[in-house]
Amino acid sequence: MSSGDRLTYGIQAVRKALAAGRASRLYLQEDLGQKRLGRLADDITRSRVPVELCPAQQLERLTGTTKHQGIAARVTGAASLSDREALALVATLAPPLILALDGIEDPRNFGSLLRTADAAGVDLVVTGRSRNVGVTPVASKVAAGAAEAQPLAEVANLARFLEQLAEAGIRIVGTDEAAPVSLFDADLAGPLALVMGAEGRGMRRLTRERCDLLVRLPMHGVVESLNVAVAAGICLYECQRQRLARAGPVR
């Protein structure tokens, strides 16, 4: 597992980093209001992480935004899984649910996807190392803590990694607005990797060729497509719905 050192900001993201033991230093706005400080005081005390008080302008320079909510953290530790580590993790899952992202370049979309994946019970998010935005401060803030909790792999070649997943018995399902099969008509209950392409361009050709099935979201209004994080959420929850239905009632 590769190591990283990055900045995250926002109350929820910092609290998650503290809970995971991955924050090495905190930057706290010196005139932070008592109400907001009260939401953080216990977490900061328990963590015993060094705290640097600084003016709002310094936090703005550190984070690159005025929406830092008065706190930022230097986060260290494991940043992402390698190809080998990701495959080893997948081998322990039964059945795995994987979200593969092909060319997501907007950090806000990436953060939303991480948050959606965490909420929907995704076991692993996979991105290409050179064709996807990383966990930037903006992505981490939008993820609202999911960037610190969601297992993430950055692989050397996404198409080749999908081929390795297929060899391990995992079905590769891609999303395409022109696909002949509706999401709700597809069998998504087994070991699955759901592939989401970039907004506008969609999946690249080699990624598409690794898919066993392409599905579309039925669109009934005047809009032609949905935000990629919204579309991913619908698809992932349909996967979970089918899994629960296949498993039967809990006794």
# chains A, B, ... in the order shown; residues from 1 in each chain; ligands from 1
>>> residues_around(residues="Gly145 of chain A", least_positions_apart="2", cutoff="8 Å", atoms="only C-alpha atoms", output="ChimeraX atom specification")
/A:12-17,115,140-141,143,147-149
>>> select_by_dssp(residues="segment 26-235 of chain A", states="helix (DSSP H, G or I)", output="ChimeraX atom specification")
/A:34-38,41-47,56-63,83-90,107-119,137-143,146-149,158-167,183-185,205-209,228-235
>>> residues_around(residues="segment 34-36 of chain A", least_positions_apart="5", cutoff="12 Å", atoms="only C-alpha atoms", output="VMD selection string")
chain A and resid 10 to 12 28 to 29 41 to 42 69 to 71
>>> write_last_selection(atoms="C-alpha atoms", output="short mmCIF file (atom, residue, chain, number, x, y, z; two decimals), in the first residue's frame")
data_model
loop_
_atom_site.label_atom_id
_atom_site.label_comp_id
_atom_site.auth_asym_id
_atom_site.auth_seq_id
_atom_site.Cartn_x
_atom_site.Cartn_y
_atom_site.Cartn_z
CA GLY A 10 -14.19 20.43 6.56
CA ILE A 11 -15.65 19.17 9.84
CA GLN A 12 -16.91 15.78 8.67
CA LEU A 28 -7.80 25.28 13.50
CA GLN A 29 -9.18 28.72 12.83
CA ALA A 41 -13.48 19.43 20.86
CA ASP A 42 -13.91 15.82 21.99
CA GLN A 69 -15.37 25.35 7.89
CA GLY A 70 -12.55 26.52 10.12
CA ILE A 71 -10.52 23.31 10.20
#
>>> select_by_dssp(residues="segment 32-228 of chain A", states="strand (DSSP E or B)", output="ChimeraX atom specification")
/A:51-54,71-81,97-102,124-128,152-155,171-175,181-182,192-198,202,213-216
>>> write_last_selection(atoms="C-alpha atoms", output="PDB file, in the first residue's frame")
ATOM      1  CA  VAL A  51      -3.067  21.682  16.739  1.00  0.00           C
ATOM      2  CA  GLU A  52      -1.931  24.879  15.036  1.00  0.00           C
ATOM      3  CA  LEU A  53      -4.182  27.905  15.498  1.00  0.00           C
ATOM      4  CA  CYS A  54      -4.247  30.155  12.468  1.00  0.00           C
ATOM      5  CA  ILE A  71     -10.520  23.309  10.197  1.00  0.00           C
ATOM      6  CA  ALA A  72      -8.063  21.343   8.077  1.00  0.00           C
ATOM      7  CA  ALA A  73      -5.857  18.343   8.719  1.00  0.00           C
ATOM      8  CA  ARG A  74      -2.653  16.925   7.368  1.00  0.00           C
ATOM      9  CA  VAL A  75      -3.493  13.302   6.582  1.00  0.00           C
ATOM     10  CA  THR A  76      -0.829  10.617   6.341  1.00  0.00           C
ATOM     11  CA  GLY A  77      -0.837   6.892   5.885  1.00  0.00           C
ATOM     12  CA  ALA A  78      -2.141   4.527   3.243  1.00  0.00           C
ATOM     13  CA  ALA A  79      -3.499   6.402   0.250  1.00  0.00           C
ATOM     14  CA  SER A  80      -4.428   3.648  -2.196  1.00  0.00           C
ATOM     15  CA  LEU A  81      -3.996  -0.020  -3.030  1.00  0.00           C
ATOM     16  CA  LEU A  97     -19.083  -5.178  -5.359  1.00  0.00           C
ATOM     17  CA  ILE A  98     -16.527  -2.978  -7.123  1.00  0.00           C
ATOM     18  CA  LEU A  99     -16.911   0.481  -8.636  1.00  0.00           C
ATOM     19  CA  ALA A 100     -14.459   1.171 -11.473  1.00  0.00           C
ATOM     20  CA  LEU A 101     -14.094   4.770 -12.661  1.00  0.00           C
ATOM     21  CA  ASP A 102     -12.769   5.522 -16.131  1.00  0.00           C
ATOM     22  CA  LEU A 124     -13.500  -1.267  -3.544  1.00  0.00           C
ATOM     23  CA  VAL A 125     -13.289   1.776  -5.802  1.00  0.00           C
ATOM     24  CA  VAL A 126     -10.821   1.421  -8.678  1.00  0.00           C
ATOM     25  CA  THR A 127      -9.355   4.180 -10.837  1.00  0.00           C
ATOM     26  CA  GLY A 128      -6.644   4.362 -13.454  1.00  0.00           C
ATOM     27  CA  LEU A 152      -9.420   2.763  -3.110  1.00  0.00           C
ATOM     28  CA  ALA A 153      -7.082   1.292  -5.703  1.00  0.00           C
ATOM     29  CA  GLU A 154      -5.129   3.212  -8.325  1.00  0.00           C
ATOM     30  CA  VAL A 155      -4.129   0.703 -10.982  1.00  0.00           C
ATOM     31  CA  ARG A 171     -18.766  -9.875 -14.061  1.00  0.00           C
ATOM     32  CA  ILE A 172     -17.895  -6.513 -15.646  1.00  0.00           C
ATOM     33  CA  VAL A 173     -20.926  -4.292 -16.271  1.00  0.00           C
ATOM     34  CA  GLY A 174     -20.483  -0.947 -17.963  1.00  0.00           C
ATOM     35  CA  THR A 175     -22.912   1.945 -18.228  1.00  0.00           C
ATOM     36  CA  VAL A 181     -30.390  -3.375 -21.898  1.00  0.00           C
ATOM     37  CA  SER A 182     -32.055  -1.420 -19.089  1.00  0.00           C
ATOM     38  CA  LEU A 192     -19.719  -7.511  -9.960  1.00  0.00           C
ATOM     39  CA  ALA A 193     -17.585  -4.609 -11.115  1.00  0.00           C
ATOM     40  CA  LEU A 194     -19.678  -1.612 -12.202  1.00  0.00           C
ATOM     41  CA  VAL A 195     -17.839   0.677 -14.620  1.00  0.00           C
ATOM     42  CA  MET A 196     -18.710   4.366 -14.864  1.00  0.00           C
ATOM     43  CA  GLY A 197     -17.176   6.528 -17.575  1.00  0.00           C
ATOM     44  CA  ALA A 198     -16.492  10.238 -17.585  1.00  0.00           C
ATOM     45  CA  GLY A 202     -18.130   7.936 -21.344  1.00  0.00           C
ATOM     46  CA  LEU A 213     -22.615  -6.262 -20.455  1.00  0.00           C
ATOM     47  CA  LEU A 214     -23.595  -2.650 -21.081  1.00  0.00           C
ATOM     48  CA  VAL A 215     -26.652  -1.197 -19.353  1.00  0.00           C
ATOM     49  CA  ARG A 216     -28.497   2.108 -19.501  1.00  0.00           C
TER      50      ARG A 216
END
>>> residues_around(residues="Glu238 of chain A", least_positions_apart="5", cutoff="12 Å", atoms="only C-alpha atoms", output="VMD selection string")
chain A and resid 97 120 to 121 182 to 189 194 217 231 to 233 243 to 245
>>> write_last_selection(atoms="N, CA and C atoms", output="mmCIF file, in the first residue's frame")
data_model
loop_
_atom_site.group_PDB
_atom_site.id
_atom_site.type_symbol
_atom_site.label_atom_id
_atom_site.label_comp_id
_atom_site.auth_asym_id
_atom_site.auth_seq_id
_atom_site.Cartn_x
_atom_site.Cartn_y
_atom_site.Cartn_z
ATOM 1 N N LEU A 97 -18.436 -6.244 -4.585
ATOM 2 C CA LEU A 97 -19.083 -5.178 -5.359
ATOM 3 C C LEU A 97 -18.033 -4.092 -5.544
ATOM 4 N N ALA A 120 -23.327 3.079 -0.340
ATOM 5 C CA ALA A 120 -23.961 1.937 -0.998
ATOM 6 C C ALA A 120 -23.268 0.607 -0.708
ATOM 7 N N GLY A 121 -22.240 0.624 0.124
ATOM 8 C CA GLY A 121 -21.591 -0.627 0.509
ATOM 9 C C GLY A 121 -20.618 -1.186 -0.500
ATOM 10 N N SER A 182 -31.784 -2.311 -20.213
ATOM 11 C CA SER A 182 -32.055 -1.420 -19.089
ATOM 12 C C SER A 182 -31.373 -1.945 -17.830
ATOM 13 N N LEU A 183 -30.938 -1.027 -16.984
ATOM 14 C CA LEU A 183 -30.356 -1.400 -15.699
ATOM 15 C C LEU A 183 -31.274 -2.353 -14.939
ATOM 16 N N PHE A 184 -32.571 -2.118 -14.999
ATOM 17 C CA PHE A 184 -33.524 -2.882 -14.204
ATOM 18 C C PHE A 184 -33.857 -4.241 -14.805
ATOM 19 N N ASP A 185 -33.344 -4.514 -16.003
ATOM 20 C CA ASP A 185 -33.525 -5.830 -16.616
ATOM 21 C C ASP A 185 -32.268 -6.685 -16.516
ATOM 22 N N ALA A 186 -31.207 -6.137 -15.960
ATOM 23 C CA ALA A 186 -29.931 -6.845 -15.886
ATOM 24 C C ALA A 186 -29.806 -7.585 -14.561
ATOM 25 N N ASP A 187 -29.104 -8.705 -14.580
ATOM 26 C CA ASP A 187 -28.809 -9.463 -13.364
ATOM 27 C C ASP A 187 -27.534 -8.891 -12.751
ATOM 28 N N LEU A 188 -27.680 -8.266 -11.599
ATOM 29 C CA LEU A 188 -26.557 -7.575 -10.955
ATOM 30 C C LEU A 188 -26.274 -8.121 -9.562
ATOM 31 N N ALA A 189 -26.761 -9.318 -9.276
ATOM 32 C CA ALA A 189 -26.711 -9.821 -7.904
ATOM 33 C C ALA A 189 -25.407 -10.520 -7.541
ATOM 34 N N LEU A 194 -18.898 -2.597 -11.453
ATOM 35 C CA LEU A 194 -19.678 -1.612 -12.202
ATOM 36 C C LEU A 194 -18.721 -0.542 -12.704
ATOM 37 N N LEU A 217 -29.552 3.627 -17.987
ATOM 38 C CA LEU A 217 -30.602 4.091 -17.095
ATOM 39 C C LEU A 217 -31.777 4.579 -17.937
ATOM 40 N N ALA A 231 -25.931 8.863 -11.231
ATOM 41 C CA ALA A 231 -26.117 7.633 -11.987
ATOM 42 C C ALA A 231 -25.489 6.448 -11.263
ATOM 43 N N ALA A 232 -24.298 6.650 -10.711
ATOM 44 C CA ALA A 232 -23.633 5.569 -9.975
ATOM 45 C C ALA A 232 -24.453 5.150 -8.765
ATOM 46 N N GLY A 233 -25.030 6.133 -8.059
ATOM 47 C CA GLY A 233 -25.849 5.807 -6.896
ATOM 48 C C GLY A 233 -27.045 4.949 -7.257
ATOM 49 N N ARG A 243 -29.225 -8.004 -4.628
ATOM 50 C CA ARG A 243 -28.527 -8.909 -3.714
ATOM 51 C C ARG A 243 -29.397 -9.267 -2.514
ATOM 52 N N LEU A 244 -30.076 -8.277 -1.965
ATOM 53 C CA LEU A 244 -30.950 -8.529 -0.826
ATOM 54 C C LEU A 244 -32.122 -9.420 -1.226
ATOM 55 N N ALA A 245 -32.665 -9.168 -2.420
ATOM 56 C CA ALA A 245 -33.782 -9.999 -2.893
ATOM 57 C C ALA A 245 -33.328 -11.439 -3.124
#
>>> atom_distance(atom1="atom CA of Val49 of chain A", atom2="atom CA of Arg22 of chain A")
9.8 Å
>>> atom_distance(atom1="atom CA of Val230 of chain A", atom2="atom CA of Val122 of chain A")
15.0 Å
>>> closest_residue(among="A:Arg204, A:Asn157, A:Ala166, A:Arg246", to="Asp83 of chain A", atoms="only C-alpha atoms")
A:Asn157
>>> atom_distance(atom1="atom CA of Ala119 of chain A", atom2="atom CA of Ile170 of chain A")
21.6 Å
>>> closest_residue(among="A:Ala156, A:Ala168, A:Ala178, A:Leu40", to="Ala94 of chain A", atoms="only C-alpha atoms")
A:Ala168
>>> closest_residue(among="A:Pro50, A:Gly103, A:Pro55, A:Pro191", to="Cys239 of chain A", atoms="only C-alpha atoms")
A:Pro191
>>> decode(residues="segment 207-243 of chain A", atoms="N, CA and C atoms", output="PDB file, in the first residue's frame")
ATOM      1  N   THR A 207     -11.709   0.055 -22.322  1.00  0.00           N
ATOM      2  CA  THR A 207     -12.506  -0.243 -21.133  1.00  0.00           C
ATOM      3  C   THR A 207     -13.833  -0.876 -21.537  1.00  0.00           C
ATOM      4  N   ARG A 208     -14.480  -0.300 -22.538  1.00  0.00           N
ATOM      5  CA  ARG A 208     -15.753  -0.831 -23.026  1.00  0.00           C
ATOM      6  C   ARG A 208     -15.610  -2.289 -23.488  1.00  0.00           C
ATOM      7  N   GLU A 209     -14.507  -2.577 -24.150  1.00  0.00           N
ATOM      8  CA  GLU A 209     -14.297  -3.925 -24.681  1.00  0.00           C
ATOM      9  C   GLU A 209     -14.121  -4.968 -23.581  1.00  0.00           C
ATOM     10  N   ARG A 210     -13.785  -4.528 -22.372  1.00  0.00           N
ATOM     11  CA  ARG A 210     -13.625  -5.480 -21.262  1.00  0.00           C
ATOM     12  C   ARG A 210     -14.956  -5.774 -20.561  1.00  0.00           C
ATOM     13  N   CYS A 211     -16.021  -5.067 -20.931  1.00  0.00           N
ATOM     14  CA  CYS A 211     -17.311  -5.241 -20.265  1.00  0.00           C
ATOM     15  C   CYS A 211     -18.044  -6.473 -20.805  1.00  0.00           C
ATOM     16  N   ASP A 212     -18.626  -7.242 -19.904  1.00  0.00           N
ATOM     17  CA  ASP A 212     -19.454  -8.374 -20.302  1.00  0.00           C
ATOM     18  C   ASP A 212     -20.848  -7.913 -20.719  1.00  0.00           C
ATOM     19  N   LEU A 213     -21.279  -6.773 -20.196  1.00  0.00           N
ATOM     20  CA  LEU A 213     -22.615  -6.262 -20.455  1.00  0.00           C
ATOM     21  C   LEU A 213     -22.611  -4.752 -20.321  1.00  0.00           C
ATOM     22  N   LEU A 214     -23.379  -4.086 -21.187  1.00  0.00           N
ATOM     23  CA  LEU A 214     -23.595  -2.650 -21.081  1.00  0.00           C
ATOM     24  C   LEU A 214     -25.060  -2.410 -20.723  1.00  0.00           C
ATOM     25  N   VAL A 215     -25.287  -1.506 -19.770  1.00  0.00           N
ATOM     26  CA  VAL A 215     -26.652  -1.197 -19.353  1.00  0.00           C
ATOM     27  C   VAL A 215     -26.866   0.309 -19.414  1.00  0.00           C
ATOM     28  N   ARG A 216     -28.144   0.690 -19.483  1.00  0.00           N
ATOM     29  CA  ARG A 216     -28.497   2.108 -19.501  1.00  0.00           C
ATOM     30  C   ARG A 216     -29.524   2.384 -18.415  1.00  0.00           C
ATOM     31  N   LEU A 217     -29.552   3.627 -17.987  1.00  0.00           N
ATOM     32  CA  LEU A 217     -30.602   4.091 -17.095  1.00  0.00           C
ATOM     33  C   LEU A 217     -31.777   4.579 -17.937  1.00  0.00           C
ATOM     34  N   PRO A 218     -32.989   4.090 -17.705  1.00  0.00           N
ATOM     35  CA  PRO A 218     -34.137   4.609 -18.453  1.00  0.00           C
ATOM     36  C   PRO A 218     -34.339   6.098 -18.144  1.00  0.00           C
ATOM     37  N   MET A 219     -34.455   6.905 -19.174  1.00  0.00           N
ATOM     38  CA  MET A 219     -34.638   8.347 -19.016  1.00  0.00           C
ATOM     39  C   MET A 219     -36.011   8.723 -19.560  1.00  0.00           C
ATOM     40  N   HIS A 220     -36.838   9.362 -18.724  1.00  0.00           N
ATOM     41  CA  HIS A 220     -38.217   9.653 -19.116  1.00  0.00           C
ATOM     42  C   HIS A 220     -38.496  11.147 -19.296  1.00  0.00           C
ATOM     43  N   GLY A 221     -37.554  11.984 -18.943  1.00  0.00           N
ATOM     44  CA  GLY A 221     -37.771  13.425 -19.038  1.00  0.00           C
ATOM     45  C   GLY A 221     -37.068  14.026 -20.238  1.00  0.00           C
ATOM     46  N   VAL A 222     -36.825  15.322 -20.170  1.00  0.00           N
ATOM     47  CA  VAL A 222     -36.197  16.024 -21.287  1.00  0.00           C
ATOM     48  C   VAL A 222     -34.672  15.966 -21.220  1.00  0.00           C
ATOM     49  N   VAL A 223     -34.114  15.692 -20.027  1.00  0.00           N
ATOM     50  CA  VAL A 223     -32.653  15.614 -19.924  1.00  0.00           C
ATOM     51  C   VAL A 223     -32.167  14.300 -20.517  1.00  0.00           C
ATOM     52  N   GLU A 224     -30.975  14.328 -21.076  1.00  0.00           N
ATOM     53  CA  GLU A 224     -30.445  13.151 -21.753  1.00  0.00           C
ATOM     54  C   GLU A 224     -29.546  12.307 -20.865  1.00  0.00           C
ATOM     55  N   SER A 225     -29.028  12.895 -19.778  1.00  0.00           N
ATOM     56  CA  SER A 225     -28.113  12.140 -18.919  1.00  0.00           C
ATOM     57  C   SER A 225     -28.142  12.715 -17.517  1.00  0.00           C
ATOM     58  N   LEU A 226     -27.561  11.956 -16.584  1.00  0.00           N
ATOM     59  CA  LEU A 226     -27.477  12.377 -15.194  1.00  0.00           C
ATOM     60  C   LEU A 226     -26.030  12.613 -14.809  1.00  0.00           C
ATOM     61  N   ASN A 227     -25.816  13.384 -13.770  1.00  0.00           N
ATOM     62  CA  ASN A 227     -24.489  13.500 -13.175  1.00  0.00           C
ATOM     63  C   ASN A 227     -23.958  12.110 -12.855  1.00  0.00           C
ATOM     64  N   VAL A 228     -22.660  11.898 -13.061  1.00  0.00           N
ATOM     65  CA  VAL A 228     -22.095  10.556 -12.928  1.00  0.00           C
ATOM     66  C   VAL A 228     -22.267   9.988 -11.519  1.00  0.00           C
ATOM     67  N   ALA A 229     -22.191  10.826 -10.496  1.00  0.00           N
ATOM     68  CA  ALA A 229     -22.363  10.331  -9.130  1.00  0.00           C
ATOM     69  C   ALA A 229     -23.810   9.925  -8.872  1.00  0.00           C
ATOM     70  N   VAL A 230     -24.758  10.683  -9.428  1.00  0.00           N
ATOM     71  CA  VAL A 230     -26.168  10.327  -9.295  1.00  0.00           C
ATOM     72  C   VAL A 230     -26.442   9.001 -10.001  1.00  0.00           C
ATOM     73  N   ALA A 231     -25.931   8.863 -11.231  1.00  0.00           N
ATOM     74  CA  ALA A 231     -26.117   7.633 -11.987  1.00  0.00           C
ATOM     75  C   ALA A 231     -25.489   6.448 -11.263  1.00  0.00           C
ATOM     76  N   ALA A 232     -24.298   6.650 -10.711  1.00  0.00           N
ATOM     77  CA  ALA A 232     -23.633   5.569  -9.975  1.00  0.00           C
ATOM     78  C   ALA A 232     -24.453   5.150  -8.765  1.00  0.00           C
ATOM     79  N   GLY A 233     -25.030   6.133  -8.059  1.00  0.00           N
ATOM     80  CA  GLY A 233     -25.849   5.807  -6.896  1.00  0.00           C
ATOM     81  C   GLY A 233     -27.045   4.949  -7.257  1.00  0.00           C
ATOM     82  N   ILE A 234     -27.724   5.289  -8.339  1.00  0.00           N
ATOM     83  CA  ILE A 234     -28.876   4.503  -8.774  1.00  0.00           C
ATOM     84  C   ILE A 234     -28.442   3.079  -9.107  1.00  0.00           C
ATOM     85  N   CYS A 235     -27.356   2.953  -9.851  1.00  0.00           N
ATOM     86  CA  CYS A 235     -26.870   1.628 -10.255  1.00  0.00           C
ATOM     87  C   CYS A 235     -26.441   0.788  -9.048  1.00  0.00           C
ATOM     88  N   LEU A 236     -25.712   1.397  -8.133  1.00  0.00           N
ATOM     89  CA  LEU A 236     -25.197   0.652  -6.986  1.00  0.00           C
ATOM     90  C   LEU A 236     -26.318   0.190  -6.066  1.00  0.00           C
ATOM     91  N   TYR A 237     -27.298   1.041  -5.865  1.00  0.00           N
ATOM     92  CA  TYR A 237     -28.412   0.628  -5.009  1.00  0.00           C
ATOM     93  C   TYR A 237     -29.286  -0.422  -5.681  1.00  0.00           C
ATOM     94  N   GLU A 238     -29.345  -0.415  -7.000  1.00  0.00           N
ATOM     95  CA  GLU A 238     -30.039  -1.508  -7.692  1.00  0.00           C
ATOM     96  C   GLU A 238     -29.272  -2.816  -7.502  1.00  0.00           C
ATOM     97  N   CYS A 239     -27.941  -2.738  -7.531  1.00  0.00           N
ATOM     98  CA  CYS A 239     -27.126  -3.936  -7.245  1.00  0.00           C
ATOM     99  C   CYS A 239     -27.445  -4.476  -5.849  1.00  0.00           C
ATOM    100  N   GLN A 240     -27.480  -3.589  -4.872  1.00  0.00           N
ATOM    101  CA  GLN A 240     -27.751  -4.016  -3.505  1.00  0.00           C
ATOM    102  C   GLN A 240     -29.186  -4.523  -3.348  1.00  0.00           C
ATOM    103  N   ARG A 241     -30.132  -3.898  -4.034  1.00  0.00           N
ATOM    104  CA  ARG A 241     -31.521  -4.356  -3.969  1.00  0.00           C
ATOM    105  C   ARG A 241     -31.629  -5.791  -4.481  1.00  0.00           C
ATOM    106  N   GLN A 242     -30.965  -6.063  -5.605  1.00  0.00           N
ATOM    107  CA  GLN A 242     -31.014  -7.413  -6.166  1.00  0.00           C
ATOM    108  C   GLN A 242     -30.313  -8.418  -5.254  1.00  0.00           C
ATOM    109  N   ARG A 243     -29.225  -8.004  -4.628  1.00  0.00           N
ATOM    110  CA  ARG A 243     -28.527  -8.909  -3.714  1.00  0.00           C
ATOM    111  C   ARG A 243     -29.397  -9.267  -2.514  1.00  0.00           C
TER     112      ARG A 243
END
